[in-house]
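Colleague: What follows is the file data.csv, containing CSV, C-alpha atoms:
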chain,number,residue,atom,x,y,z
Z,25,MET,CA,40.2,79.3,-24.6
Z,26,ARG,CA,43.5,77.9,-25.8
Z,27,SER,CA,43.8,74.2,-26.1
Z,28,SER,CA,46.8,73.8,-28.4
Z,29,PRO,CA,49.4,71.2,-27.3
Z,30,PRO,CA,53.0,72.0,-26.8
Z,31,GLY,CA,54.7,73.0,-30.0
Z,32,LYS,CA,51.5,73.5,-32.0
Z,33,SER,CA,49.9,76.7,-32.8
Z,34,SER,CA,46.1,76.9,-32.5
Z,35,ASP,CA,45.8,77.5,-36.3
Z,36,SER,CA,47.9,74.5,-37.3
Z,37,ARG,CA,46.2,72.4,-34.7
Z,38,SER,CA,42.7,73.4,-36.0
Z,39,ALA,CA,43.8,72.7,-39.5
Z,40,SER,CA,45.1,69.2,-38.5
Z,41,ILE,CA,41.9,68.4,-36.7
Z,42,SER,CA,39.8,69.7,-39.7
Z,43,THR,CA,41.8,67.6,-42.1
Z,44,ARG,CA,41.2,64.5,-40.0
Z,45,ILE,CA,37.5,65.2,-39.6
Z,46,SER,CA,37.2,65.5,-43.4
Z,47,LYS,CA,38.8,62.1,-43.7
Z,48,ALA,CA,36.3,60.4,-41.5
Z,49,THR,CA,34.3,58.1,-43.7
Z,50,SER,CA,31.1,56.1,-43.6
Z,51,PRO,CA,30.2,53.9,-40.6
Z,52,ARG,CA,32.7,51.1,-40.1
Z,53,VAL,CA,31.1,48.1,-38.6
Z,54,PRO,CA,33.0,44.8,-39.1
Z,55,GLY,CA,31.7,43.0,-42.2
Z,56,LEU,CA,29.9,46.0,-43.6
Z,57,SER,CA,31.4,48.1,-46.4
Z,58,SER,CA,28.8,51.0,-46.6
Z,59,PRO,CA,25.7,52.5,-44.9
Z,60,SER,CA,23.6,50.7,-47.5
Z,61,ALA,CA,25.1,47.4,-46.6
Z,62,LEU,CA,24.3,48.2,-42.9
Z,63,ARG,CA,20.6,48.9,-43.9
Z,64,ARG,CA,20.4,45.7,-45.9
Z,65,SER,CA,21.8,43.5,-43.2
Z,66,VAL,CA,19.9,44.8,-40.2
Z,67,GLY,CA,16.8,46.4,-41.8
Z,68,PRO,CA,13.3,45.4,-40.8
Z,69,HIS,CA,13.1,42.7,-43.6
Z,70,SER,CA,16.6,41.3,-43.3
Z,71,HIS,CA,15.2,37.9,-42.3
Z,72,LEU,CA,13.4,37.6,-45.7
Z,73,ASN,CA,14.8,36.1,-48.9
Z,74,ASN,CA,17.9,34.6,-47.3
Z,75,ASP,CA,18.1,32.1,-50.1
Z,76,ALA,CA,18.7,34.9,-52.5
Z,77,ARG,CA,21.6,36.4,-50.5
Z,78,SER,CA,25.2,35.5,-50.2
Z,79,ASP,CA,26.6,33.6,-47.2
Z,80,ASP,CA,28.2,36.8,-46.1
Z,81,ASP,CA,24.9,38.7,-46.2
Z,82,GLN,CA,23.2,35.9,-44.2
Z,83,HIS,CA,25.9,36.1,-41.6
Z,84,ARG,CA,25.3,39.8,-41.2
Z,85,THR,CA,21.7,39.2,-40.2
Z,86,THR,CA,23.0,38.2,-36.8
Z,87,LEU,CA,24.0,41.7,-36.0
Z,88,PRO,CA,21.6,43.6,-33.6
Z,89,PRO,CA,19.4,46.3,-35.0
Z,90,ASN,CA,21.6,49.2,-36.2
Z,91,PRO,CA,24.6,48.5,-33.9
Z,92,ARG,CA,26.4,51.7,-35.0
Z,93,MET,CA,23.6,53.9,-33.8
Z,94,VAL,CA,23.6,52.1,-30.4
Z,95,VAL,CA,27.4,52.8,-30.1
Z,96,ILE,CA,27.0,56.5,-31.2
Z,97,GLN,CA,24.3,57.1,-28.6
Z,98,MET,CA,26.6,55.7,-25.9
Z,99,LYS,CA,29.6,57.9,-26.8
Z,100,VAL,CA,27.8,61.2,-27.5
Z,101,ARG,CA,28.2,63.2,-24.3
Z,102,PRO,CA,27.5,66.7,-23.1
Z,103,ARG,CA,29.9,69.4,-24.1
Z,104,ASN,CA,28.5,72.0,-21.6
Z,105,ILE,CA,31.7,73.8,-20.7
Z,106,ARG,CA,32.9,74.5,-24.2
Z,107,ASN,CA,29.3,75.3,-25.4
Z,108,LYS,CA,28.8,77.8,-22.6
Z,109,LEU,CA,32.2,79.5,-23.3
Z,110,GLU,CA,31.5,79.6,-27.0
Z,111,ALA,CA,28.2,81.3,-26.2
Z,112,GLY,CA,29.8,83.8,-23.9
Z,113,GLU,CA,28.3,82.3,-20.8
Z,114,ARG,CA,29.6,80.9,-17.5
Z,115,ALA,CA,29.6,77.2,-16.7
Z,116,TYR,CA,28.8,76.2,-13.2
Z,117,GLY,CA,30.0,73.1,-11.5
Z,118,PHE,CA,29.6,70.9,-8.4
Z,119,ALA,CA,32.6,69.3,-6.6
Z,120,VAL,CA,32.3,65.6,-5.7
Z,121,GLN,CA,34.4,63.7,-3.2
Z,122,LEU,CA,31.8,61.1,-2.1
Z,123,PRO,CA,31.2,58.1,-4.3
Z,124,SER,CA,27.5,59.0,-4.9
Z,125,PRO,CA,26.2,59.2,-8.5
Z,126,ASP,CA,22.9,60.2,-7.0
Z,127,LEU,CA,24.3,63.5,-5.8
Z,128,VAL,CA,25.8,64.1,-9.3
Z,129,GLU,CA,22.4,63.4,-10.8
Z,130,ILE,CA,20.7,65.8,-8.4
Z,131,ALA,CA,23.2,68.5,-9.3
Z,132,GLY,CA,22.5,68.0,-12.9
Z,133,ALA,CA,18.7,68.2,-12.4
Z,134,LEU,CA,19.3,71.5,-10.6
Z,135,GLY,CA,21.1,72.9,-13.6
Z,136,TYR,CA,24.8,72.5,-12.9
Z,137,ASP,CA,26.9,72.1,-16.0
Z,138,TYR,CA,29.7,69.9,-14.8
Z,139,ALA,CA,30.9,67.6,-12.0
Z,140,TRP,CA,34.3,68.2,-10.6
Z,141,ILE,CA,35.2,64.7,-9.5
Z,142,ASP,CA,38.0,64.8,-6.8
Z,143,ALA,CA,40.2,61.8,-7.1
Z,144,GLU,CA,43.0,63.5,-5.3
Z,145,HIS,CA,41.4,64.0,-1.9
Z,146,GLY,CA,38.1,62.1,-2.3
Z,147,SER,CA,37.7,58.5,-1.4
Z,148,LEU,CA,37.5,57.4,-5.0
Z,149,GLY,CA,39.0,54.6,-7.0
Z,150,LEU,CA,38.6,53.9,-10.7
Z,151,SER,CA,35.3,52.0,-10.2
Z,152,GLU,CA,33.8,54.9,-8.3
Z,153,ILE,CA,35.1,57.4,-10.8
Z,154,ARG,CA,33.5,55.5,-13.6
Z,155,GLU,CA,30.1,55.5,-11.9
Z,156,LEU,CA,30.3,59.2,-11.2
Z,157,ILE,CA,31.2,59.9,-14.8
Z,158,ARG,CA,28.2,57.7,-15.8
Z,159,GLY,CA,26.0,59.7,-13.4
Z,160,ALA,CA,27.2,62.9,-15.0
Z,161,ASP,CA,26.5,61.5,-18.5
Z,162,ALA,CA,23.0,60.5,-17.4
Z,163,ALA,CA,22.4,64.0,-15.9
Z,164,GLY,CA,23.7,65.8,-19.0
Z,165,MET,CA,26.8,67.1,-17.2
Z,166,ASP,CA,30.4,67.3,-18.2
Z,167,SER,CA,32.9,65.5,-15.9
Z,168,ILE,CA,36.2,66.9,-14.9
Z,169,VAL,CA,38.4,64.6,-12.9
Z,170,ARG,CA,41.0,66.0,-10.5
Z,171,VAL,CA,43.7,63.3,-10.6
Z,172,ALA,CA,46.1,62.7,-7.8
Z,173,ASP,CA,49.3,63.4,-9.7
Z,174,HIS,CA,50.8,63.9,-13.1
Z,175,GLU,CA,51.0,60.2,-14.0
Z,176,PRO,CA,50.0,59.8,-17.8
Z,177,SER,CA,48.8,56.2,-17.4
Z,178,PHE,CA,46.2,57.2,-14.8
Z,179,ILE,CA,45.1,60.2,-16.8
Z,180,GLN,CA,44.6,58.0,-19.8
Z,181,ARG,CA,42.5,55.5,-17.8
Z,182,VAL,CA,40.3,58.3,-16.6
Z,183,LEU,CA,39.8,59.7,-20.1
Z,184,ASP,CA,39.1,56.2,-21.4
Z,185,LEU,CA,36.3,56.0,-18.9
Z,186,GLY,CA,34.7,58.9,-20.7
Z,187,ALA,CA,35.7,62.0,-18.6
Z,188,THR,CA,35.3,65.3,-20.3
Z,189,GLY,CA,38.7,66.5,-19.0
Z,190,ILE,CA,41.1,66.4,-16.2
Z,191,MET,CA,42.5,68.8,-13.5
Z,192,VAL,CA,46.0,68.2,-12.4
Z,193,PRO,CA,47.4,69.3,-9.0
Z,194,HIS,CA,50.7,71.0,-8.2
Z,195,VAL,CA,51.7,72.3,-11.6
Z,196,ARG,CA,55.1,74.0,-10.9
Z,197,THR,CA,56.8,74.5,-14.2
Z,198,VAL,CA,56.2,75.0,-17.9
Z,199,ASP,CA,57.7,71.6,-18.7
Z,200,GLU,CA,55.3,69.9,-16.3
Z,201,ALA,CA,52.4,71.7,-17.9
Z,202,LYS,CA,53.5,70.7,-21.4
Z,203,ALA,CA,53.8,67.1,-20.3
Z,204,ILE,CA,50.3,67.1,-18.8
Z,205,ALA,CA,48.9,68.7,-22.0
Z,206,ALA,CA,50.5,65.9,-24.1
Z,207,SER,CA,49.1,63.2,-21.9
Z,208,VAL,CA,45.5,64.0,-22.9
Z,209,ARG,CA,45.9,63.8,-26.7
Z,210,TYR,CA,46.7,61.1,-29.1
Z,211,SER,CA,49.7,60.9,-31.3
Z,212,PRO,CA,51.0,62.9,-33.1
Z,213,LEU,CA,49.6,65.7,-30.9
Z,214,GLY,CA,50.4,63.9,-27.6
Z,215,ILE,CA,51.2,60.6,-26.0
Z,216,ARG,CA,47.8,59.3,-24.9
Z,217,GLY,CA,47.6,55.5,-25.6
Z,218,ALA,CA,45.0,54.5,-28.2
Z,219,CYS,CA,42.5,51.7,-27.8
Z,220,PRO,CA,39.3,51.1,-29.9
Z,221,SER,CA,37.4,49.3,-27.1
Z,222,VAL,CA,37.0,51.7,-24.2
Z,223,ARG,CA,33.9,53.4,-22.7
Z,224,SER,CA,34.8,56.8,-24.1
Z,225,VAL,CA,34.2,55.5,-27.7
Z,226,GLY,CA,31.0,53.6,-26.7
Z,227,HIS,CA,32.9,50.5,-25.7
Z,228,ILE,CA,33.8,49.7,-29.3
Z,229,THR,CA,34.7,52.2,-32.0
Z,230,THR,CA,32.8,52.3,-35.3
Z,231,ASP,CA,34.9,55.1,-36.7
Z,232,TRP,CA,38.3,55.5,-35.0
Z,233,THR,CA,39.3,58.6,-37.0
Z,234,GLU,CA,36.2,60.4,-36.0
Z,235,ASP,CA,36.5,59.2,-32.4
Z,236,TYR,CA,40.1,60.3,-31.7
Z,237,THR,CA,39.7,63.5,-33.7
Z,238,ARG,CA,36.7,64.5,-31.6
Z,239,ALA,CA,38.5,63.5,-28.4
Z,240,ASP,CA,41.6,65.6,-29.2
Z,241,ALA,CA,39.4,68.6,-30.0
Z,242,ASP,CA,37.1,68.4,-27.1
Z,243,VAL,CA,39.2,67.3,-24.1
Z,244,LEU,CA,39.8,69.9,-21.4
Z,245,VAL,CA,42.9,70.0,-19.2
Z,246,PHE,CA,43.4,72.3,-16.3
Z,247,GLY,CA,46.3,72.8,-13.9
Z,248,LEU,CA,46.3,73.8,-10.2
Z,249,ILE,CA,48.7,76.6,-9.1
Z,250,GLU,CA,49.2,75.8,-5.4
Z,251,ASP,CA,52.9,75.9,-4.8
Z,252,ILE,CA,55.4,78.7,-4.4
Z,253,GLU,CA,57.3,77.5,-7.4
Z,254,GLY,CA,54.2,77.3,-9.5
Z,255,LEU,CA,53.2,80.9,-8.5
Z,256,VAL,CA,56.6,82.2,-9.4
Z,257,SER,CA,56.3,80.6,-12.9
Z,258,VAL,CA,52.5,81.2,-13.4
Z,259,GLU,CA,52.8,83.7,-16.2
Z,260,ALA,CA,55.0,81.3,-18.2
Z,261,ILE,CA,52.8,78.3,-17.4
Z,262,ALA,CA,49.7,80.1,-18.6
Z,263,ARG,CA,51.4,81.4,-21.7
Z,264,ASP,CA,53.4,78.4,-22.8
Z,265,GLY,CA,52.1,75.3,-21.0
Z,266,GLY,CA,49.4,74.3,-23.5
Z,267,LEU,CA,46.7,74.1,-20.8
Z,268,ASP,CA,43.1,75.2,-21.2
Z,269,GLY,CA,43.0,77.0,-17.9
Z,270,LEU,CA,44.4,77.3,-14.4
Z,271,VAL,CA,42.9,76.9,-11.0
Z,272,TYR,CA,44.2,78.7,-7.9
Z,273,GLY,CA,44.8,76.5,-4.8
Z,274,PRO,CA,45.0,78.8,-1.8
Z,275,PHE,CA,45.0,76.1,0.9
Z,276,ASP,CA,48.2,74.3,-0.2
Z,277,LEU,CA,49.8,77.6,-1.1
Z,278,GLY,CA,48.8,79.0,2.3
Z,279,MET,CA,50.4,76.0,4.1
Z,280,ALA,CA,53.6,76.5,2.1
Z,281,LEU,CA,53.6,80.2,3.1
Z,282,GLY,CA,53.0,79.4,6.7
Z,283,LEU,CA,49.5,80.8,6.8
Z,284,ASP,CA,48.0,77.7,8.3
Z,285,GLY,CA,45.1,77.3,6.0
Z,286,ASP,CA,43.7,80.9,6.3
Z,287,VAL,CA,42.4,81.1,2.7
Z,288,SER,CA,41.1,84.6,3.2
Z,289,HIS,CA,44.5,86.0,4.2
Z,290,PRO,CA,45.2,89.2,2.2
Z,291,GLN,CA,48.5,87.7,0.9
Z,292,LEU,CA,46.6,84.8,-0.6
Z,293,ARG,CA,44.0,87.1,-2.2
Z,294,ALA,CA,46.9,89.0,-3.9
Z,295,HIS,CA,48.3,85.7,-5.2
Z,296,HIS,CA,44.8,84.8,-6.5
Z,297,ASP,CA,44.8,88.0,-8.5
Z,298,ARG,CA,48.2,87.2,-10.0
Z,299,VAL,CA,47.0,83.8,-11.2
Z,300,ALA,CA,43.8,85.3,-12.7
Z,301,GLU,CA,45.7,88.0,-14.5
Z,302,ALA,CA,48.2,85.5,-15.9
Z,303,CYS,CA,45.3,83.6,-17.4
Z,304,LYS,CA,43.8,86.7,-18.9
Z,305,ALA,CA,47.1,87.7,-20.5
Z,306,ALA,CA,47.6,84.3,-22.0
Z,307,GLY,CA,44.1,83.9,-23.3
Z,308,ILE,CA,43.2,80.8,-21.3
Z,309,GLU,CA,40.5,80.2,-18.7
Z,310,TYR,CA,40.7,81.1,-15.0
Z,311,VAL,CA,38.7,78.4,-13.1
Z,312,ALA,CA,37.1,79.7,-9.9
Z,313,ALA,CA,37.0,77.3,-6.9
Z,314,SER,CA,34.3,77.2,-4.3
Z,315,LEU,CA,35.5,80.1,-2.1
Z,316,GLU,CA,32.9,82.6,-1.0
Z,317,TRP,CA,35.1,85.6,-1.2
Z,318,GLU,CA,36.0,84.7,-4.8
Z,319,PHE,CA,32.4,84.6,-5.9
Z,320,GLY,CA,32.2,88.4,-5.3
Z,321,ALA,CA,35.1,89.0,-7.8
Z,322,LEU,CA,34.1,86.8,-10.7
Z,323,ASN,CA,34.0,89.7,-13.1
Z,324,GLU,CA,37.3,91.0,-12.0
Z,325,SER,CA,39.0,87.6,-12.2
Z,326,GLY,CA,37.4,86.9,-15.6
Z,327,ALA,CA,36.3,83.4,-14.3
Z,328,ARG,CA,33.9,81.8,-16.7
Z,329,ILE,CA,34.2,78.3,-15.2
Z,330,VAL,CA,33.0,78.3,-11.6
Z,331,THR,CA,32.8,75.5,-9.1
Z,332,VAL,CA,30.0,76.6,-6.9
Z,333,ALA,CA,29.9,74.1,-4.1
Z,334,GLY,CA,31.0,70.6,-3.0
Z,335,ASP,CA,29.2,67.6,-1.7
Z,336,ARG,CA,30.7,67.4,1.7
Z,337,GLY,CA,30.1,71.1,2.4
Z,338,VAL,CA,26.6,71.0,1.1
Z,339,VAL,CA,25.6,67.9,3.1
Z,340,PHE,CA,27.3,69.2,6.3
Z,341,SER,CA,25.7,72.6,6.0
Z,342,ALA,CA,22.2,71.2,5.3
Z,343,LEU,CA,22.3,68.6,8.1
Z,344,SER,CA,23.6,71.2,10.6
Z,345,ARG,CA,21.0,73.7,9.6
Z,346,ALA,CA,18.2,71.2,9.8
Z,347,LEU,CA,19.2,70.0,13.2
Z,348,ALA,CA,19.5,73.5,14.5
Z,349,GLU,CA,16.1,74.6,13.2
Z,350,VAL,CA,14.4,71.6,14.8
Z,351,ARG,CA,16.1,72.2,18.1
Z,352,MET,CA,15.1,75.9,18.0
Z,353,ALA,CA,11.5,74.9,17.5
Z,354,GLY,CA,11.4,73.5,21.0
Z,355,THR,CA,11.2,70.2,22.7
Z,356,PRO,CA,8.0,68.2,22.1
Z,357,ALA,CA,5.6,68.1,25.1
Z,358,THR,CA,6.0,65.1,27.3
Z,359,ALA,CA,3.4,62.4,26.4
Z,360,SER,CA,0.7,61.9,28.9
Z,361,HIS,CA,0.3,58.3,30.2
Z,362,GLY,CA,-3.1,57.7,31.6
Could you rewrite the structure in this file as structure tokens?

Modeller:
Amino acid sequence: MRSSPPGKSSDSRSASISTRISKATSPRVPGLSSPSALRRSVGPHSHLNNDARSDDDQHRTTLPPNPRMVVIQMKVRPRNIRNKLEAGERAYGFAVQLPSPDLVEIAGALGYDYAWIDAEHGSLGLSEIRELIRGADAAGMDSIVRVADHEPSFIQRVLDLGATGIMVPHVRTVDEAKAIAASVRYSPLGIRGACPSVRSVGHITTDWTEDYTRADADVLVFGLIEDIEGLVSVEAIARDGGLDGLVYGPFDLGMALGLDGDVSHPQLRAHHDRVAEACKAAGIEYVAASLEWEFGALNESGARIVTVAGDRGVVFSALSRALAEVRMAGTPATASHG
């Protein structure tokens, strides 16, 4: 899977990340100069012998027990998709349009690897997105947010909330893809705004070098090919756009082609194959959406990231089936009134 930003080779980017990781130093908690100072100030006996300690040391005793570990636990999140791909396995996801963290947690309990949070068509604002990401974190799932457009400021806010990555609709050109790839990484690799006090770093950073280096290395960015212009340029977008993968959007493309939403039309299947082949040739991921006919061709398409189902469809299907089964069981006998 390629994740190099525009203008950077994967080798040079890896070297840059490795260099910055090596520069990551000891825990940086305000007022503490070293791990030993941290242990002295917040250890189990820190309340003893205050008269023998400096004013600065006594001030440090007001810190909560091991604050850095609390922050680290808050910002260490699943890395399911990358881990599965590195192990040669598929990652399976669940699409979410409804603002229900409970559904996300249920999906995680059933073994899904990621939540695809749909902020383009779903009824979700930033507060709802945050709670769905939090639900994914709690369930041990990655969170991929499909944003509504290419706006870098909104992409930044979603990533600051702790999303694993983003999915961007209507990618039509190489330049658009490059701009999207730049929006998810910090300078000098991209243009993402930096802030040391956001949820993605545990609400307050204790080692900014480590935090932004990890974020640049782990973030995932996918683009949707769902327009005629994007289809025409798909090989170049896959090869030169700097994205981690592409998703095929047959519904919008079908509307543009005058097929009225018939996602199983042979023409749309042929275009699907073109997108998948472009990903293979470029060495990036093809991400399969929740289309039944596509599931039968996962090996052919090379899809290793598969969105299996969505909340609306699952709820609709389950409720319809349950009602039909009860109706088929017959009408209860009329109660006798003596």

Colleague: Fewer than 3 positions away in the same chain doesn't count, so skip those; otherwise give me all residues within 12 Å of Phe275 (chain Z), counting all atoms listed in the file, as a list in words.

Modeller: His194, Leu248, Ile249, Glu250, Asp251, Ile252, Tyr272, Gly278, Met279, Ala280, Leu281, Gly282, Leu283, Asp284, Gly285, Asp286, Val287, Ser288, His289, Leu292, Arg293, His295, His296, Ala313, Ser314 and Leu315 of chain Z

Colleague: Given the choices Z:Val330, Z:Ala205, Z:Met352, Z:Leu185, which gets closest to Leu267 (chain Z) if the distance is worked out from all atoms listed in the file?

Modeller: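 The closest residue to Leu267 (chain Z) is Z:Ala205.
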
Colleague: Write out as JSON lines a residue-level contact list of region 293-336 of chain Z versus region 105-119 of chain Z with cut-off 10 Å: for each qualifying residue the closest pair of atoms and the distance in Å to one decimal, counting all atoms listed in the file, rows sorted by chain and residue number upward.

Modeller:
{"residue": "Z:Glu309", "atom": "CA", "partner": "Z:Leu109", "partner_atom": "CA", "distance": 9.5}
{"residue": "Z:Val311", "atom": "CA", "partner": "Z:Ala115", "partner_atom": "CA", "distance": 9.9}
{"residue": "Z:Ala312", "atom": "CA", "partner": "Z:Tyr116", "partner_atom": "CA", "distance": 9.6}
{"residue": "Z:Ala313", "atom": "CA", "partner": "Z:Ala119", "partner_atom": "CA", "distance": 9.1}
{"residue": "Z:Ser314", "atom": "CA", "partner": "Z:Ala119", "partner_atom": "CA", "distance": 8.4}
{"residue": "Z:Ala327", "atom": "CA", "partner": "Z:Arg114", "partner_atom": "CA", "distance": 7.8}
{"residue": "Z:Arg328", "atom": "CA", "partner": "Z:Arg114", "partner_atom": "CA", "distance": 4.5}
{"residue": "Z:Ile329", "atom": "CA", "partner": "Z:Ala115", "partner_atom": "CA", "distance": 5.0}
{"residue": "Z:Val330", "atom": "CA", "partner": "Z:Tyr116", "partner_atom": "CA", "distance": 5.0}
{"residue": "Z:Thr331", "atom": "CA", "partner": "Z:Gly117", "partner_atom": "CA", "distance": 4.4}
{"residue": "Z:Val332", "atom": "CA", "partner": "Z:Gly117", "partner_atom": "CA", "distance": 5.8}
{"residue": "Z:Ala333", "atom": "CA", "partner": "Z:Phe118", "partner_atom": "CA", "distance": 5.4}
{"residue": "Z:Gly334", "atom": "CA", "partner": "Z:Ala119", "partner_atom": "CA", "distance": 4.1}
{"residue": "Z:Asp335", "atom": "CA", "partner": "Z:Ala119", "partner_atom": "CA", "distance": 6.2}
{"residue": "Z:Arg336", "atom": "CA", "partner": "Z:Ala119", "partner_atom": "CA", "distance": 8.7}

Colleague: In Å, with one decimal, what is the gap from CA of Pro193 (chain Z) to CA of Glu155 (chain Z)?

Modeller: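 Separation between CA of Pro193 (chain Z) and CA of Glu155 (chain Z): 22.3 Å.
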
Colleague: I'd like the interatomic distance between CA of Ile308 (chain Z) and CA of Gly132 (chain Z), to a tenth of an Å.

Modeller: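 Computed distance, CA of Ile308 (chain Z) to CA of Gly132 (chain Z), equals 25.7 Å.
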
Colleague: Give me the residues near Ile153 (chain Z) as a list in words, where near means some atom within 8 Å (using only C-alpha atoms) and where sequence neighbours in that chain fewer than 3 positions away do not count.

Modeller: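 The residues that qualify are Pro123, Ile141, Ala143, Leu148, Gly149, Leu150, Leu156, Ile157 and Val182 of chain Z.
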
Colleague: Excluding region 233-240 of chain Z and its own-chain neighbours fewer than 2 positions away, which residues fall within 6 Å of it when counting only C-alpha atoms? Please give them as a PyMOL selection string.

Modeller: chain Z and resi 48+209+231+242-243

Colleague: Please measure the separation of CA of Glu152 (chain Z) and CA of Ser344 (chain Z), giving the value in Å to one decimal.

Modeller: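 One can read the CA of Glu152 (chain Z) to CA of Ser344 (chain Z) distance as 27.0 Å.
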
Colleague: Calculated over only C-alpha atoms, which of the candidates Z:Ala262, Z:Ala302, Z:Val225, Z:Ile190 has the smallest distance to Val245 (chain Z)?

Modeller: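 Checking each of Z:Ala262, Z:Ala302, Z:Val225, Z:Ile190 against Val245 (chain Z), counting only C-alpha atoms, the winner is Z:Ile190.
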